[in-house]
Amino acid sequence: ADLWTNPQNTVIGARSFGSDPALVSRMVAAEIEGMQGQGILCCIKHFPGHGDTQGDSHDGYVLLERSWEELLERELIPFVDNLDNTDLVMVAHILLPQITGDGLPASLSAELITGRLRGELGYDGLVVTDSLAMGAITDQYTSAQAAVLAVEAGADLLLMPQDYPAAFEAVAEAVESGEISEQRLDESVLRILRAKERCGLL
């Protein structure tokens with residue numbers, strides 16, 4: 001669902017359906033319909049839009065100097081148009097200093113996931129992080145830190161922690177200590193079960 005709006009962007013490039021928000025939105029809707037028609041859950045990415053960045057979050061720190069209002073007028077259109085259609089939303093590892101005040105990448109930010117995506121935009125489907133083994137995360141956080149922050153932020157699925165056992169143990173310990181509530185964990189479990197039910201897996 002990314003728009004390719006920055007010619008110097010090499011991480012999205014031809015992976016995007018284009019630079020026209022309306023066209024990309026229609027293409028995303030068609031892709032979702034096709035996948036779901038074959039019993040496949042579909043995920044739109046990289047919320048809130050990775051197409052105007054210059055850096056590659058596979059390698060390290062990526063910054064997007066856009067306001068929320070600017071994103072709503074362009075980059076967010078294919079996402080907003082398809083939130084009721086998609087099964088999952090993948091959140092990017094991009095820093096958004098004009099939107100969030102927590103200094104965290106979007107994938108670890110409660111302000112972005114719970115506040116904006118779930119609160120303002122009303123999305124209640126599955127949220128998955130981008131790979132937690134990417135440089136944008138591993139350069140700044142341990143697998144344990146990233147996993148706990150992602151769950152606290154509202155992510156339901158933690159994709160590919162660099163050190164899976166450490167990430168698992170950190171989340172388990174955070175639940176046991178009360179840092180992450182069982183209610184918060186149950187919210188994600190329920191969303192996962194609902195998605196499996198839609199696919200006939202239960």
# chains A, B, ... in the order shown; residues from 1 in each chain; ligands from 1
$ select_by_dssp --residues "segment 27-189 of chain A" --states "alpha helix (DSSP H)" --output "JSON, numbers by chain"
{"A": [27, 28, 29, 30, 31, 32, 33, 34, 35, 36, 37, 68, 69, 70, 71, 72, 73, 77, 78, 79, 80, 81, 82, 110, 135, 136, 137, 138, 143, 144, 145, 146, 147, 148, 149, 150, 151, 152, 153, 164, 165, 166, 167, 168, 169, 170, 171, 172, 173, 174, 175, 176, 177, 182, 183, 184, 185, 186, 187, 188, 189]}
$ select_by_dssp --residues "segment 32-143 of chain A" --states "strand (DSSP E or B)" --output "JSON, numbers by chain"
{"A": [43, 44, 45, 46, 47, 63, 88, 89, 90, 91, 95, 126, 127, 128, 129]}
$ residues_around --residues "Leu126 of chain A" --least-positions-apart "3" --cutoff "7 Å" --atoms "only C-alpha atoms" --output "list in words"
Asp87, Leu88, Val89, Asp156, Arg191 and Ile192 of chain A
$ write_last_selection --atoms "all heavy atoms" --output "compact mmCIF listing (two decimals), in the first residue's frame"
# COMPACT_ATOMS: atom_id res chain seq x y z
N ASP A 87 -6.76 -8.09 6.40
CA ASP A 87 -6.71 -8.92 7.60
C ASP A 87 -5.64 -8.44 8.57
O ASP A 87 -5.76 -8.60 9.78
CB ASP A 87 -6.44 -10.38 7.23
CG ASP A 87 -7.50 -10.94 6.29
OD1 ASP A 87 -8.64 -11.10 6.74
OD2 ASP A 87 -7.17 -11.19 5.12
N LEU A 88 -4.56 -7.92 8.02
CA LEU A 88 -3.44 -7.45 8.83
C LEU A 88 -2.91 -6.13 8.30
O LEU A 88 -3.02 -5.84 7.09
CB LEU A 88 -2.27 -8.45 8.82
CG LEU A 88 -2.49 -9.88 9.29
CD1 LEU A 88 -2.80 -10.79 8.10
CD2 LEU A 88 -1.26 -10.40 10.04
N VAL A 89 -2.31 -5.36 9.18
CA VAL A 89 -1.55 -4.17 8.81
C VAL A 89 -0.15 -4.34 9.37
O VAL A 89 0.03 -4.62 10.56
CB VAL A 89 -2.17 -2.88 9.38
CG1 VAL A 89 -1.25 -1.68 9.13
CG2 VAL A 89 -3.54 -2.62 8.76
N ASP A 156 0.13 -7.21 17.58
CA ASP A 156 -0.38 -8.55 17.89
C ASP A 156 0.62 -9.64 17.53
O ASP A 156 0.66 -10.69 18.16
CB ASP A 156 -1.68 -8.82 17.12
CG ASP A 156 -2.74 -7.77 17.41
OD1 ASP A 156 -3.12 -7.63 18.59
OD2 ASP A 156 -3.17 -7.09 16.46
N ARG A 191 -7.76 -11.46 18.56
CA ARG A 191 -7.67 -11.05 17.14
C ARG A 191 -7.10 -12.17 16.29
O ARG A 191 -7.54 -12.40 15.16
CB ARG A 191 -6.81 -9.79 17.02
CG ARG A 191 -7.43 -8.54 17.59
CD ARG A 191 -6.60 -7.30 17.24
NE ARG A 191 -7.07 -6.14 17.97
CZ ARG A 191 -6.45 -5.60 19.03
NH1 ARG A 191 -5.32 -6.13 19.46
NH2 ARG A 191 -6.95 -4.56 19.65
N ILE A 192 -6.10 -12.86 16.80
CA ILE A 192 -5.49 -13.98 16.06
C ILE A 192 -6.50 -15.10 15.86
O ILE A 192 -6.63 -15.66 14.76
CB ILE A 192 -4.24 -14.49 16.80
CG1 ILE A 192 -3.13 -13.43 16.76
CG2 ILE A 192 -3.74 -15.81 16.19
CD1 ILE A 192 -1.98 -13.69 17.72
$ closest_residue --among "A:Met35, A:Met134, A:Leu104, A:Leu185" --to "Cys199 of chain A" --atoms "only C-alpha atoms"
A:Met35
$ closest_residue --among "A:Thr5, A:Gln145, A:Asn85, A:Ser177" --to "Leu41 of chain A" --atoms "only C-alpha atoms"
A:Asn85
